[in-house]
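Content type mmCIF, C-alpha atoms, from the file input_29.cif:
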data_data
#
loop_
_atom_site.label_atom_id
_atom_site.label_comp_id
_atom_site.auth_asym_id
_atom_site.auth_seq_id
_atom_site.Cartn_x
_atom_site.Cartn_y
_atom_site.Cartn_z
CA MET A 1 119.60 97.43 119.85
CA THR A 2 117.70 100.26 118.23
CA SER A 3 116.26 103.14 120.23
CA LEU A 4 112.77 101.82 119.47
CA LEU A 5 113.46 99.09 122.04
CA ASN A 6 114.79 101.48 124.70
CA GLY A 7 112.75 101.03 127.87
CA VAL A 8 110.79 98.09 126.43
CA PRO A 9 111.24 94.86 128.43
CA THR A 10 111.53 91.72 126.32
CA LEU A 11 111.20 87.99 126.94
CA ASP A 12 114.82 88.00 128.10
CA ASP A 13 113.63 90.04 131.10
CA LEU A 14 110.77 87.65 131.96
CA ASP A 15 110.92 84.48 134.07
CA ALA A 16 107.64 82.94 133.06
CA ALA A 17 107.85 79.78 135.17
CA GLY A 18 104.56 79.29 136.99
CA GLN A 19 103.16 82.57 135.68
CA ARG A 20 99.85 83.13 133.96
CA VAL A 21 100.86 84.92 130.76
CA PHE A 22 98.48 86.78 128.45
CA VAL A 23 99.92 86.79 124.90
CA ARG A 24 98.40 89.27 122.48
CA ALA A 25 99.23 87.64 119.15
CA ASP A 26 98.34 88.70 115.63
CA LEU A 27 96.50 85.69 114.23
CA ASN A 28 94.48 87.73 111.75
CA VAL A 29 94.81 85.29 108.86
CA PRO A 30 92.73 84.75 105.71
CA LEU A 31 90.13 81.99 105.83
CA ARG A 32 88.28 80.17 103.07
CA ASP A 33 85.58 77.58 103.76
CA GLY A 34 86.65 77.39 107.39
CA GLN A 35 90.33 76.76 106.58
CA VAL A 36 93.36 79.00 107.03
CA THR A 37 94.75 79.85 103.57
CA ASP A 38 97.93 81.68 104.66
CA ASP A 39 99.36 80.85 108.08
CA LEU A 40 102.34 83.25 108.10
CA ARG A 41 101.07 85.13 111.14
CA ILE A 42 100.30 81.94 113.05
CA GLN A 43 103.76 80.56 112.26
CA SER A 44 105.30 83.84 113.39
CA SER A 45 103.54 83.63 116.77
CA VAL A 46 104.75 80.12 117.57
CA PRO A 47 108.30 80.83 118.87
CA THR A 48 107.12 83.20 121.62
CA ILE A 49 104.27 80.91 122.73
CA ARG A 50 106.54 77.86 122.60
CA ARG A 51 109.20 79.61 124.70
CA LEU A 52 106.66 80.52 127.39
CA LEU A 53 105.16 77.02 127.45
CA ASP A 54 108.61 75.45 127.73
CA GLN A 55 109.25 77.62 130.78
CA GLY A 56 106.14 76.22 132.42
CA ALA A 57 103.83 79.18 131.94
CA ARG A 58 100.07 78.97 131.66
CA VAL A 59 99.46 80.84 128.39
CA VAL A 60 96.28 82.64 127.34
CA VAL A 61 96.48 83.75 123.69
CA ALA A 62 94.18 86.34 122.16
CA SER A 63 93.83 87.94 118.74
CA HIS A 64 91.35 89.65 116.49
CA LEU A 65 90.29 88.10 113.19
CA GLY A 66 88.72 90.04 110.34
CA ARG A 67 86.30 92.89 110.90
CA PRO A 68 83.30 91.70 112.90
CA LYS A 69 81.11 94.54 114.12
CA GLY A 70 81.69 94.22 117.87
CA ALA A 71 79.46 91.14 118.15
CA PRO A 72 79.89 87.39 117.55
CA ASP A 73 79.99 86.39 113.89
CA PRO A 74 80.56 82.71 113.01
CA ALA A 75 82.48 83.70 109.86
CA TYR A 76 85.24 85.12 112.07
CA ALA A 77 85.36 82.48 114.83
CA MET A 78 88.84 81.51 116.02
CA ALA A 79 88.34 77.72 115.91
CA PRO A 80 90.16 77.21 112.54
CA VAL A 81 93.02 79.36 113.82
CA GLY A 82 93.19 77.31 117.01
CA ALA A 83 93.34 74.10 114.98
CA ARG A 84 96.28 75.38 112.92
CA LEU A 85 98.04 76.79 115.99
CA GLN A 86 97.71 73.38 117.66
CA GLN A 87 99.33 71.70 114.64
CA LEU A 88 102.23 74.15 114.62
CA LEU A 89 102.80 74.08 118.39
CA GLY A 90 102.52 70.31 118.59
CA THR A 91 100.51 70.61 121.79
CA GLU A 92 96.79 70.84 122.57
CA VAL A 93 95.26 74.29 122.21
CA PHE A 94 92.06 74.80 124.17
CA VAL A 95 89.70 77.24 122.40
CA ALA A 96 87.18 79.29 124.34
CA THR A 97 83.76 79.89 122.84
CA ASP A 98 83.68 83.45 124.19
CA VAL A 99 86.12 86.25 124.96
CA VAL A 100 85.71 87.10 128.64
CA GLY A 101 82.58 85.04 129.42
CA ASP A 102 81.96 81.92 131.46
CA ASP A 103 83.69 79.50 129.06
CA ALA A 104 86.84 81.62 128.81
CA ARG A 105 87.02 82.10 132.57
CA THR A 106 86.48 78.40 133.29
CA LYS A 107 89.07 77.24 130.78
CA ALA A 108 91.61 79.88 131.88
CA ALA A 109 91.18 78.85 135.52
CA GLY A 110 91.76 75.21 134.60
CA LEU A 111 95.02 75.75 132.71
CA GLN A 112 98.02 73.81 133.97
CA PRO A 113 101.69 74.80 133.49
CA GLY A 114 102.66 74.25 129.85
CA GLN A 115 99.08 74.52 128.56
CA VAL A 116 97.60 77.11 126.21
CA LEU A 117 94.14 78.62 125.77
CA LEU A 118 93.02 80.64 122.75
CA LEU A 119 90.24 83.13 123.45
CA GLU A 120 87.46 83.80 120.97
CA ASN A 121 87.87 86.73 118.56
CA LEU A 122 88.61 89.89 120.57
CA ARG A 123 86.53 91.99 118.21
CA PHE A 124 83.42 89.99 119.07
CA ASP A 125 83.28 92.48 121.96
CA ALA A 126 82.90 96.18 121.12
CA GLY A 127 85.09 96.96 124.13
CA GLU A 128 88.19 95.86 122.21
CA THR A 129 88.33 98.62 119.60
CA ALA A 130 86.92 101.17 122.07
CA ASN A 131 89.72 100.38 124.56
CA ASP A 132 86.98 100.01 127.17
CA ASP A 133 88.26 99.96 130.76
CA ASP A 134 85.98 97.15 131.93
CA PHE A 135 86.84 94.95 128.96
CA ALA A 136 90.58 95.57 129.41
CA ALA A 137 90.27 94.73 133.12
CA ALA A 138 88.41 91.51 132.30
CA LEU A 139 91.16 90.47 129.88
CA ALA A 140 93.89 91.39 132.38
CA SER A 141 92.20 89.22 135.04
CA PHE A 142 93.28 86.11 133.12
CA ALA A 143 96.99 86.70 133.76
CA ASP A 144 99.86 87.88 135.95
CA VAL A 145 101.94 89.33 133.10
CA TYR A 146 101.33 90.49 129.55
CA VAL A 147 103.32 89.79 126.38
CA ASP A 148 102.60 91.75 123.20
CA ASP A 149 103.66 89.84 120.12
CA ALA A 150 101.13 91.45 117.76
CA PHE A 151 103.17 93.86 115.68
CA GLY A 152 100.45 93.88 113.02
CA ALA A 153 98.09 95.49 115.56
CA ALA A 154 100.63 97.62 117.46
CA HIS A 155 99.41 100.80 115.77
CA ARG A 156 95.95 100.35 117.33
CA ALA A 157 95.18 101.74 120.80
CA HIS A 158 92.80 98.87 121.56
CA ALA A 159 92.01 97.23 124.90
CA SER A 160 94.23 94.20 124.30
CA ILE A 161 97.08 96.41 123.05
CA ALA A 162 97.08 99.44 125.35
CA GLY A 163 94.57 98.56 128.09
CA ILE A 164 96.10 95.37 129.47
CA PRO A 165 99.69 96.64 129.91
CA ALA A 166 98.24 99.57 131.86
CA ARG A 167 97.19 96.93 134.41
CA LEU A 168 99.89 94.24 134.18
CA PRO A 169 103.67 94.19 133.71
CA GLY A 170 104.18 94.15 129.94
CA TYR A 171 106.88 92.64 127.73
CA ALA A 172 107.62 92.58 124.01
CA GLY A 173 107.43 89.11 122.53
CA GLY A 174 110.14 87.83 120.20
CA LEU A 175 108.28 88.82 117.04
CA LEU A 176 107.52 92.36 118.20
CA ALA A 177 111.10 92.86 119.39
CA ARG A 178 112.48 91.65 116.05
CA GLU A 179 110.17 93.97 114.10
CA LEU A 180 111.28 96.96 116.18
CA GLU A 181 114.94 95.99 115.77
CA VAL A 182 114.73 95.59 111.99
CA LEU A 183 112.51 98.56 111.19
CA GLY A 184 114.29 100.70 113.73
CA GLY A 185 117.52 99.93 111.89
CA LEU A 186 115.99 101.23 108.65
CA LEU A 187 115.00 104.41 110.47
CA GLU A 188 118.25 105.00 112.28
CA ASP A 189 121.20 103.45 110.48
CA PRO A 190 120.39 101.88 107.09
CA ALA A 191 123.17 100.67 104.82
CA HIS A 192 123.40 102.79 101.67
CA PRO A 193 122.39 103.02 98.91
CA TYR A 194 118.96 102.71 100.54
CA VAL A 195 116.14 102.00 98.07
CA ALA A 196 112.44 102.12 98.91
CA VAL A 197 110.04 100.36 96.55
CA LEU A 198 106.48 101.59 97.07
CA GLY A 199 103.34 100.42 95.34
CA GLY A 200 99.70 99.78 96.08
CA ALA A 201 96.55 101.67 95.30
CA LYS A 202 96.68 105.11 96.90
CA VAL A 203 99.31 107.82 97.19
CA SER A 204 97.27 109.33 100.01
CA ASP A 205 97.86 106.21 102.14
CA LYS A 206 101.62 106.59 101.82
CA LEU A 207 102.22 110.36 101.77
CA THR A 208 103.56 110.59 105.30
CA VAL A 209 105.89 107.64 104.92
CA LEU A 210 107.06 109.04 101.57
CA GLU A 211 107.89 112.36 103.20
CA ASN A 212 109.80 110.64 106.00
CA LEU A 213 111.63 108.24 103.69
CA LEU A 214 112.81 111.12 101.53
CA THR A 215 115.13 112.22 104.34
CA ARG A 216 116.70 108.75 104.48
CA VAL A 217 116.66 106.97 101.12
CA ASP A 218 118.80 107.34 98.02
CA ALA A 219 116.11 106.19 95.60
CA ILE A 220 112.36 105.56 95.52
CA ALA A 221 110.82 103.26 92.92
CA VAL A 222 107.08 103.75 92.49
CA GLY A 223 104.61 101.19 91.15
CA GLY A 224 101.04 100.07 91.53
CA ALA A 225 98.03 102.31 90.92
CA MET A 226 99.66 105.09 92.95
CA ALA A 227 102.26 105.45 90.17
CA PHE A 228 99.64 107.00 87.88
CA THR A 229 99.24 110.02 90.14
CA PHE A 230 103.03 110.45 89.95
CA LEU A 231 102.94 110.15 86.17
CA VAL A 232 100.17 112.76 85.87
CA ALA A 233 102.22 115.05 88.12
CA GLU A 234 105.06 114.62 85.61
CA GLY A 235 102.80 115.62 82.72
CA HIS A 236 101.93 112.20 81.32
CA ASP A 237 98.55 111.12 79.97
CA VAL A 238 97.62 107.88 81.74
CA GLY A 239 94.42 107.06 79.84
CA ALA A 240 91.73 105.43 81.97
CA SER A 241 94.13 104.56 84.80
CA ARG A 242 93.23 105.34 88.39
CA VAL A 243 94.46 108.77 89.51
CA GLU A 244 93.99 110.66 92.78
CA THR A 245 93.50 114.06 91.19
CA ASP A 246 93.48 115.84 94.56
CA GLN A 247 97.01 114.52 95.23
CA VAL A 248 98.66 115.52 91.95
CA GLU A 249 100.02 118.85 93.17
CA VAL A 250 101.16 117.31 96.46
CA VAL A 251 103.01 114.61 94.55
CA ARG A 252 104.57 117.19 92.20
CA GLU A 253 105.97 119.06 95.20
CA LEU A 254 107.12 115.82 96.82
CA VAL A 255 109.01 114.73 93.71
CA GLY A 256 110.56 118.17 93.39
CA ALA A 257 111.73 118.07 97.01
CA ALA A 258 113.13 114.58 96.49
CA ARG A 259 115.17 115.62 93.47
CA GLU A 260 116.49 118.66 95.31
CA ARG A 261 117.79 116.29 97.97
CA GLY A 262 119.44 114.14 95.32
CA VAL A 263 116.96 111.29 95.75
CA ASP A 264 116.43 109.33 92.53
CA VAL A 265 112.68 109.02 91.84
CA LEU A 266 112.09 106.02 89.56
CA LEU A 267 108.74 106.01 87.74
CA PRO A 268 107.30 103.60 85.16
CA GLN A 269 108.67 103.97 81.64
CA ASP A 270 106.38 101.25 80.28
CA LEU A 271 103.13 99.72 81.43
CA VAL A 272 100.98 96.62 81.02
CA VAL A 273 97.53 97.90 80.08
CA ALA A 274 94.04 96.52 79.48
CA ALA A 275 90.63 97.82 78.47
CA GLY A 276 89.19 97.22 81.95
CA PHE A 277 89.83 95.91 85.45
CA ASP A 278 89.33 92.30 84.47
CA GLU A 279 91.48 89.23 85.15
CA HIS A 280 90.85 87.96 81.63
CA ALA A 281 91.25 91.24 79.77
CA ALA A 282 93.77 91.23 76.91
CA ALA A 283 97.04 92.65 78.25
CA THR A 284 99.46 94.68 76.13
CA ASN A 285 102.71 96.44 76.90
CA VAL A 286 103.03 100.12 75.98
CA HIS A 287 105.57 102.88 76.48
CA VAL A 288 104.40 105.44 79.03
CA ASP A 289 104.25 108.08 76.25
CA ASP A 290 101.95 105.89 74.13
CA MET A 291 99.18 105.24 76.64
CA PRO A 292 95.85 104.58 74.85
CA SER A 293 93.10 106.85 76.14
CA ASP A 294 90.66 103.97 76.65
CA GLN A 295 93.08 101.65 78.50
CA MET A 296 94.17 101.43 82.12
CA GLY A 297 97.51 100.39 83.54
CA LEU A 298 97.40 97.23 85.66
CA ASP A 299 101.13 96.53 86.04
CA ILE A 300 104.51 98.08 85.41
CA GLY A 301 106.10 96.94 82.17
CA PRO A 302 109.21 94.76 81.76
CA ALA A 303 111.61 97.63 81.08
CA THR A 304 110.44 99.37 84.26
CA ALA A 305 110.62 96.18 86.29
CA ASN A 306 114.18 95.57 85.11
CA ALA A 307 115.18 99.15 85.96
CA TYR A 308 113.77 98.72 89.45
CA ALA A 309 115.54 95.37 89.79
CA THR A 310 118.85 97.02 88.85
CA ALA A 311 118.40 99.63 91.59
CA ILE A 312 117.49 96.92 94.09
CA ASN A 313 120.54 94.82 93.18
CA ARG A 314 122.84 97.78 93.81
CA ALA A 315 121.26 98.66 97.17
CA GLY A 316 122.70 98.27 100.64
CA SER A 317 119.17 98.34 102.12
CA VAL A 318 115.77 97.74 100.50
CA PHE A 319 112.31 98.39 101.93
CA TRP A 320 109.36 97.18 99.84
CA ASN A 321 105.74 97.96 100.57
CA GLY A 322 102.99 97.55 97.98
CA PRO A 323 102.69 95.47 94.79
CA MET A 324 103.62 96.81 91.37
CA GLY A 325 100.38 95.65 89.76
CA VAL A 326 97.43 93.31 90.19
CA PHE A 327 99.73 90.43 91.09
CA GLU A 328 96.83 88.11 91.96
CA TRP A 329 96.07 87.93 88.22
CA GLU A 330 98.78 86.18 86.21
CA ALA A 331 98.55 88.55 83.23
CA PHE A 332 99.45 91.45 85.54
CA ALA A 333 101.83 89.73 87.97
CA ALA A 334 105.15 90.01 86.11
CA GLY A 335 106.18 93.42 87.49
CA THR A 336 105.63 92.39 91.10
CA ARG A 337 107.32 89.05 90.45
CA THR A 338 110.43 90.70 88.95
CA VAL A 339 110.71 93.07 91.92
CA ALA A 340 110.22 90.18 94.37
CA GLN A 341 112.91 88.12 92.61
CA ALA A 342 115.32 91.06 92.70
CA ILE A 343 114.71 91.55 96.42
CA ALA A 344 115.18 87.82 97.04
CA THR A 345 118.56 87.78 95.26
CA ALA A 346 119.83 91.18 96.42
CA SER A 347 123.01 91.24 98.47
CA GLY A 348 121.81 94.16 100.60
CA PHE A 349 119.57 94.00 103.67
CA THR A 350 116.01 93.39 102.47
CA VAL A 351 112.74 94.09 104.28
CA VAL A 352 109.24 93.42 102.97
CA GLY A 353 106.72 95.61 104.74
CA GLY A 354 103.81 93.26 105.33
CA GLY A 355 100.34 93.36 103.80
CA ASP A 356 100.04 92.64 100.08
CA SER A 357 103.82 92.67 99.65
CA ALA A 358 104.20 89.84 102.15
CA ALA A 359 101.39 87.95 100.42
CA ALA A 360 103.09 88.45 97.06
CA ILE A 361 106.53 87.28 98.12
CA ARG A 362 104.97 84.18 99.68
CA GLN A 363 102.89 83.57 96.55
CA PHE A 364 106.11 83.54 94.53
CA GLY A 365 107.82 81.24 97.04
CA LEU A 366 110.58 83.73 97.83
CA ASP A 367 109.80 84.72 101.44
CA ASP A 368 112.61 82.58 102.88
CA GLN A 369 115.14 84.46 100.72
CA VAL A 370 114.38 87.87 102.26
CA ASP A 371 116.06 89.12 105.42
CA HIS A 372 112.80 90.17 107.05
CA VAL A 373 109.13 89.85 106.06
CA SER A 374 107.12 92.09 108.38
CA THR A 375 103.82 90.84 109.74
CA GLY A 376 102.38 94.35 109.83
CA GLY A 377 101.67 96.41 106.73
CA GLY A 378 100.01 99.38 108.41
CA ALA A 379 102.19 99.15 111.51
CA SER A 380 105.43 99.05 109.52
CA LEU A 381 104.39 102.12 107.53
CA GLU A 382 103.44 104.06 110.66
CA LEU A 383 106.75 103.13 112.27
CA LEU A 384 108.65 104.36 109.21
CA GLU A 385 106.56 107.54 109.30
CA GLY A 386 108.26 108.17 112.64
CA LYS A 387 105.21 107.50 114.81
CA ASP A 388 105.38 105.98 118.29
CA LEU A 389 103.07 102.98 118.06
CA PRO A 390 100.52 102.73 120.92
CA GLY A 391 101.38 99.08 121.50
CA VAL A 392 105.06 99.90 121.95
CA ALA A 393 104.46 103.02 124.05
CA ALA A 394 102.28 100.95 126.40
CA LEU A 395 105.20 98.62 127.16
CA ARG A 396 107.85 101.28 127.67
CA ARG A 397 109.09 101.81 131.21
CA GLY A 398 111.32 104.32 132.91
CA GLU A 399 111.22 106.99 130.21
#
What would the structure in this file look like if it were written as structure tokens?
Amino acid sequence: MTSLLNGVPTLDDLDAAGQRVFVRADLNVPLRDGQVTDDLRIQSSVPTIRRLLDQGARVVVASHLGRPKGAPDPAYAMAPVGARLQQLLGTEVFVATDVVGDDARTKAAGLQPGQVLLLENLRFDAGETANDDDFAAALASFADVYVDDAFGAAHRAHASIAGIPARLPGYAGGLLARELEVLGGLLEDPAHPYVAVLGGAKVSDKLTVLENLLTRVDAIAVGGAMAFTFLVAEGHDVGASRVETDQVEVVRELVGAARERGVDVLLPQDLVVAAGFDEHAAATNVHVDDMPSDQMGLDIGPATANAYATAINRAGSVFWNGPMGVFEWEAFAAGTRTVAQAIATASGFTVVGGGDSAAAIRQFGLDDQVDHVSTGGGASLELLEGKDLPGVAALRRGE
């Protein structure tokens, strides 16, 4: 067990028989036309809910969905999520039409052992993100004990994350405990060589995790739009590619510090470029030294992708967060696909850090070939930055 779980009670410490259990799940899934289009997070919540139901608990499940503005918004209603959760659980899921109102209270009071109620979207009430005392108390009134299984929201000090366990005995659900075990292992005792593959749009979003990883990894492979800031810091002309000019000097110092530590910093040697940010733009492959001034990079090139794959295949541990290019568009998906395939076939311990990376590895049908696909992009990064997540701190006892 990693130190991240020290002082955190888990489901193994909870006898849920006859108890009213509030489960904070992360069911924040994409919807299209009222249908769930990627149910990874719902699937991931099922084992904890199923375990509690099988013990005879009355289970109240709650989650946020999307970004409503603290008021009801039909586009973010939980009904489609409840329908999919019911299919996956194989048992009826009652869905409340409000969060802490009359319908939620009536349905919660009527729950029998082995039954489950899903509350309406937590963020339909402004008290959720404000960690409002009255809202937290209203949520806590539904239950005798609290289970946090929402790793994807564990970095938020919201009412359902920090407020409820201040009022009820709190436990880590199976998903949260597994995330802390896996990511804690990468922090504390990773197998070497340890390779981090980082992509995505902004260097500024990943500076802190980069700085922390530099003390632990043997190599960092950089892709996505953030790679262009690295390339500019190395003296390259990147044409019309996106660059965070205010981060160039910071990145230059970061790369210098990495090399002084003996960390191998892998940057693109070729790129897939186009005249504009357009799915149907003509794509060409160019060497990084031959970047046309009127083109922008939208993916790493094949030579770069193969170099990154070689590093991944030699690794004892791999952490991947952030795509290598605009993987949603087929013309610019090859770099991310090659990295995903390398991670799927690597013999080392492989972790995909949630968010777009998790979406990509599922899109390519490789998620079942990775040791761990995190359900929290932002939470996994903050954990690897060395931060104590509010949702975990709220559960910790005796320390």
Can you turn the PyMOL selection byres ((chain A and resi 55-71) around 9) into a concrete residue list for this file, as a ChimeraX atom specification?
/A:15-30,49-54,72-73,75-78,99,108,111-129,142-143,150,153,160
Could you tell me which of A:Asp270, A:Glu249, A:Asp133, A:Glu328 comes closest to Gly301 of chain A if we count all atoms listed in the file?
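The closest residue to Gly301 of chain A is A:Asp270.
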Please expand the PyMOL selection byres ((chain A and resi 339) around 12) into the concrete residues it hits in this file, giving the result as a PyMOL selection string.
chain A and resi 196-199+221-224+299-313+318-325+327+333-338+340-346+350+352+357+360-361+364+366
So, counting all atoms listed in the file, which residue among A:Asp134, A:Glu385, A:Asp237, A:Asp264 is closest to Ala219 of chain A?
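Checking each candidate against Ala219 of chain A, we get A:Asp264 as the closest.
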Can you tell me which residues surround Pro390 of chain A at a distance of at most 12 Å, considering all atoms listed in the file, apart from same-chain residues fewer than 5 positions away, and format the answer as a list in words?
Asn131, Asp148, Ala150, Phe151, Gly152, Ala153, Ala154, His155, Arg156, Ala157, His158, Ala159, Ser160, Ile161, Ala162, Gly163, Pro165, Ala166, Ala379, Glu382, Leu383, Leu395 and Arg396 of chain A
Ranking A:Val248, A:Ala281, A:Leu31, A:Ala358 by minimum distance to Glu330 of chain A and counting only C-alpha atoms, which one comes first?
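So, comparing all the options, the nearest one is A:Ala281.
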Using all atoms listed in the file for the distances, tell me which of A:Asp278, A:Glu234, A:Asp13, A:Asp356 is nearest to Val145 of chain A.
A:Asp13
Write out as a PDB file with C-alpha atoms, keeping the file's coordinate frame which residues come within 8 Å of segment 282-292 of chain A when counting only C-alpha atoms, dropping same-chain ones fewer than 3 positions away.
ATOM      1  CA  HIS A 236     101.930 112.200  81.320  1.00  0.00           C
ATOM      2  CA  ASP A 237      98.550 111.120  79.970  1.00  0.00           C
ATOM      3  CA  VAL A 238      97.620 107.880  81.740  1.00  0.00           C
ATOM      4  CA  GLY A 239      94.420 107.060  79.840  1.00  0.00           C
ATOM      5  CA  PRO A 268     107.300 103.600  85.160  1.00  0.00           C
ATOM      6  CA  GLN A 269     108.670 103.970  81.640  1.00  0.00           C
ATOM      7  CA  ASP A 270     106.380 101.250  80.280  1.00  0.00           C
ATOM      8  CA  LEU A 271     103.130  99.720  81.430  1.00  0.00           C
ATOM      9  CA  VAL A 272     100.980  96.620  81.020  1.00  0.00           C
ATOM     10  CA  VAL A 273      97.530  97.900  80.080  1.00  0.00           C
ATOM     11  CA  ALA A 274      94.040  96.520  79.480  1.00  0.00           C
ATOM     12  CA  ALA A 275      90.630  97.820  78.470  1.00  0.00           C
ATOM     13  CA  GLN A 295      93.080 101.650  78.500  1.00  0.00           C
ATOM     14  CA  GLY A 301     106.100  96.940  82.170  1.00  0.00           C
ATOM     15  CA  ALA A 331      98.550  88.550  83.230  1.00  0.00           C
ATOM     16  CA  PHE A 332      99.450  91.450  85.540  1.00  0.00           C
TER      17      PHE A 332
END
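The smallest atom-to-atom distance between Arg167 of chain A and any of A:Ala191, A:Met296, A:Leu139, A:Leu180, using all atoms listed in the file, is found for A:Leu139.
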Report as a ChimeraX atom specification the full result of the PyMOL selection byres ((chain A and resi 203-217) around 10) when it is applied to this structure.
/A:186-196,198-202,218-220,222,224-230,243-244,246-248,250-251,254-255,257-259,261-265,317-319,321-322,378,380-387
Would you mind exporting C-alpha atoms of the selected residues as a CSV table (one decimal), in the frame of the given file?
chain,number,residue,atom,x,y,z
A,186,LEU,CA,116.0,101.2,108.6
A,187,LEU,CA,115.0,104.4,110.5
A,188,GLU,CA,118.2,105.0,112.3
A,189,ASP,CA,121.2,103.4,110.5
A,190,PRO,CA,120.4,101.9,107.1
A,191,ALA,CA,123.2,100.7,104.8
A,192,HIS,CA,123.4,102.8,101.7
A,193,PRO,CA,122.4,103.0,98.9
A,194,TYR,CA,119.0,102.7,100.5
A,195,VAL,CA,116.1,102.0,98.1
A,196,ALA,CA,112.4,102.1,98.9
A,198,LEU,CA,106.5,101.6,97.1
A,199,GLY,CA,103.3,100.4,95.3
A,200,GLY,CA,99.7,99.8,96.1
A,201,ALA,CA,96.6,101.7,95.3
A,202,LYS,CA,96.7,105.1,96.9
A,218,ASP,CA,118.8,107.3,98.0
A,219,ALA,CA,116.1,106.2,95.6
A,220,ILE,CA,112.4,105.6,95.5
A,222,VAL,CA,107.1,103.8,92.5
A,224,GLY,CA,101.0,100.1,91.5
A,225,ALA,CA,98.0,102.3,90.9
A,226,MET,CA,99.7,105.1,93.0
A,227,ALA,CA,102.3,105.4,90.2
A,228,PHE,CA,99.6,107.0,87.9
A,229,THR,CA,99.2,110.0,90.1
A,230,PHE,CA,103.0,110.4,90.0
A,243,VAL,CA,94.5,108.8,89.5
A,244,GLU,CA,94.0,110.7,92.8
A,246,ASP,CA,93.5,115.8,94.6
A,247,GLN,CA,97.0,114.5,95.2
A,248,VAL,CA,98.7,115.5,92.0
A,250,VAL,CA,101.2,117.3,96.5
A,251,VAL,CA,103.0,114.6,94.6
A,254,LEU,CA,107.1,115.8,96.8
A,255,VAL,CA,109.0,114.7,93.7
A,257,ALA,CA,111.7,118.1,97.0
A,258,ALA,CA,113.1,114.6,96.5
A,259,ARG,CA,115.2,115.6,93.5
A,261,ARG,CA,117.8,116.3,98.0
A,262,GLY,CA,119.4,114.1,95.3
A,263,VAL,CA,117.0,111.3,95.8
A,264,ASP,CA,116.4,109.3,92.5
A,265,VAL,CA,112.7,109.0,91.8
A,317,SER,CA,119.2,98.3,102.1
A,318,VAL,CA,115.8,97.7,100.5
A,319,PHE,CA,112.3,98.4,101.9
A,321,ASN,CA,105.7,98.0,100.6
A,322,GLY,CA,103.0,97.6,98.0
A,378,GLY,CA,100.0,99.4,108.4
A,380,SER,CA,105.4,99.0,109.5
A,381,LEU,CA,104.4,102.1,107.5
A,382,GLU,CA,103.4,104.1,110.7
A,383,LEU,CA,106.8,103.1,112.3
A,384,LEU,CA,108.6,104.4,109.2
A,385,GLU,CA,106.6,107.5,109.3
A,386,GLY,CA,108.3,108.2,112.6
A,387,LYS,CA,105.2,107.5,114.8
Do you know which residues are at most 10 Å from segment 83-86 of chain A counting only C-alpha atoms, after dropping those on the same chain fewer than 5 positions away, and could you put them as a VMD selection string?
chain A and resid 27 35 to 36 39 42 to 43 45 to 46 78 91 to 95 116 118
Please measure the separation of atom CA of His372 of chain A and atom CA of Leu298 of chain A, giving the value in Å to one decimal.
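We find that atom CA of His372 of chain A and atom CA of Leu298 of chain A lie 27.3 Å from each other.
When atom CA of Ala96 of chain A is paired with atom CA of Gly170 of chain A, their separation reads 23.3 Å.
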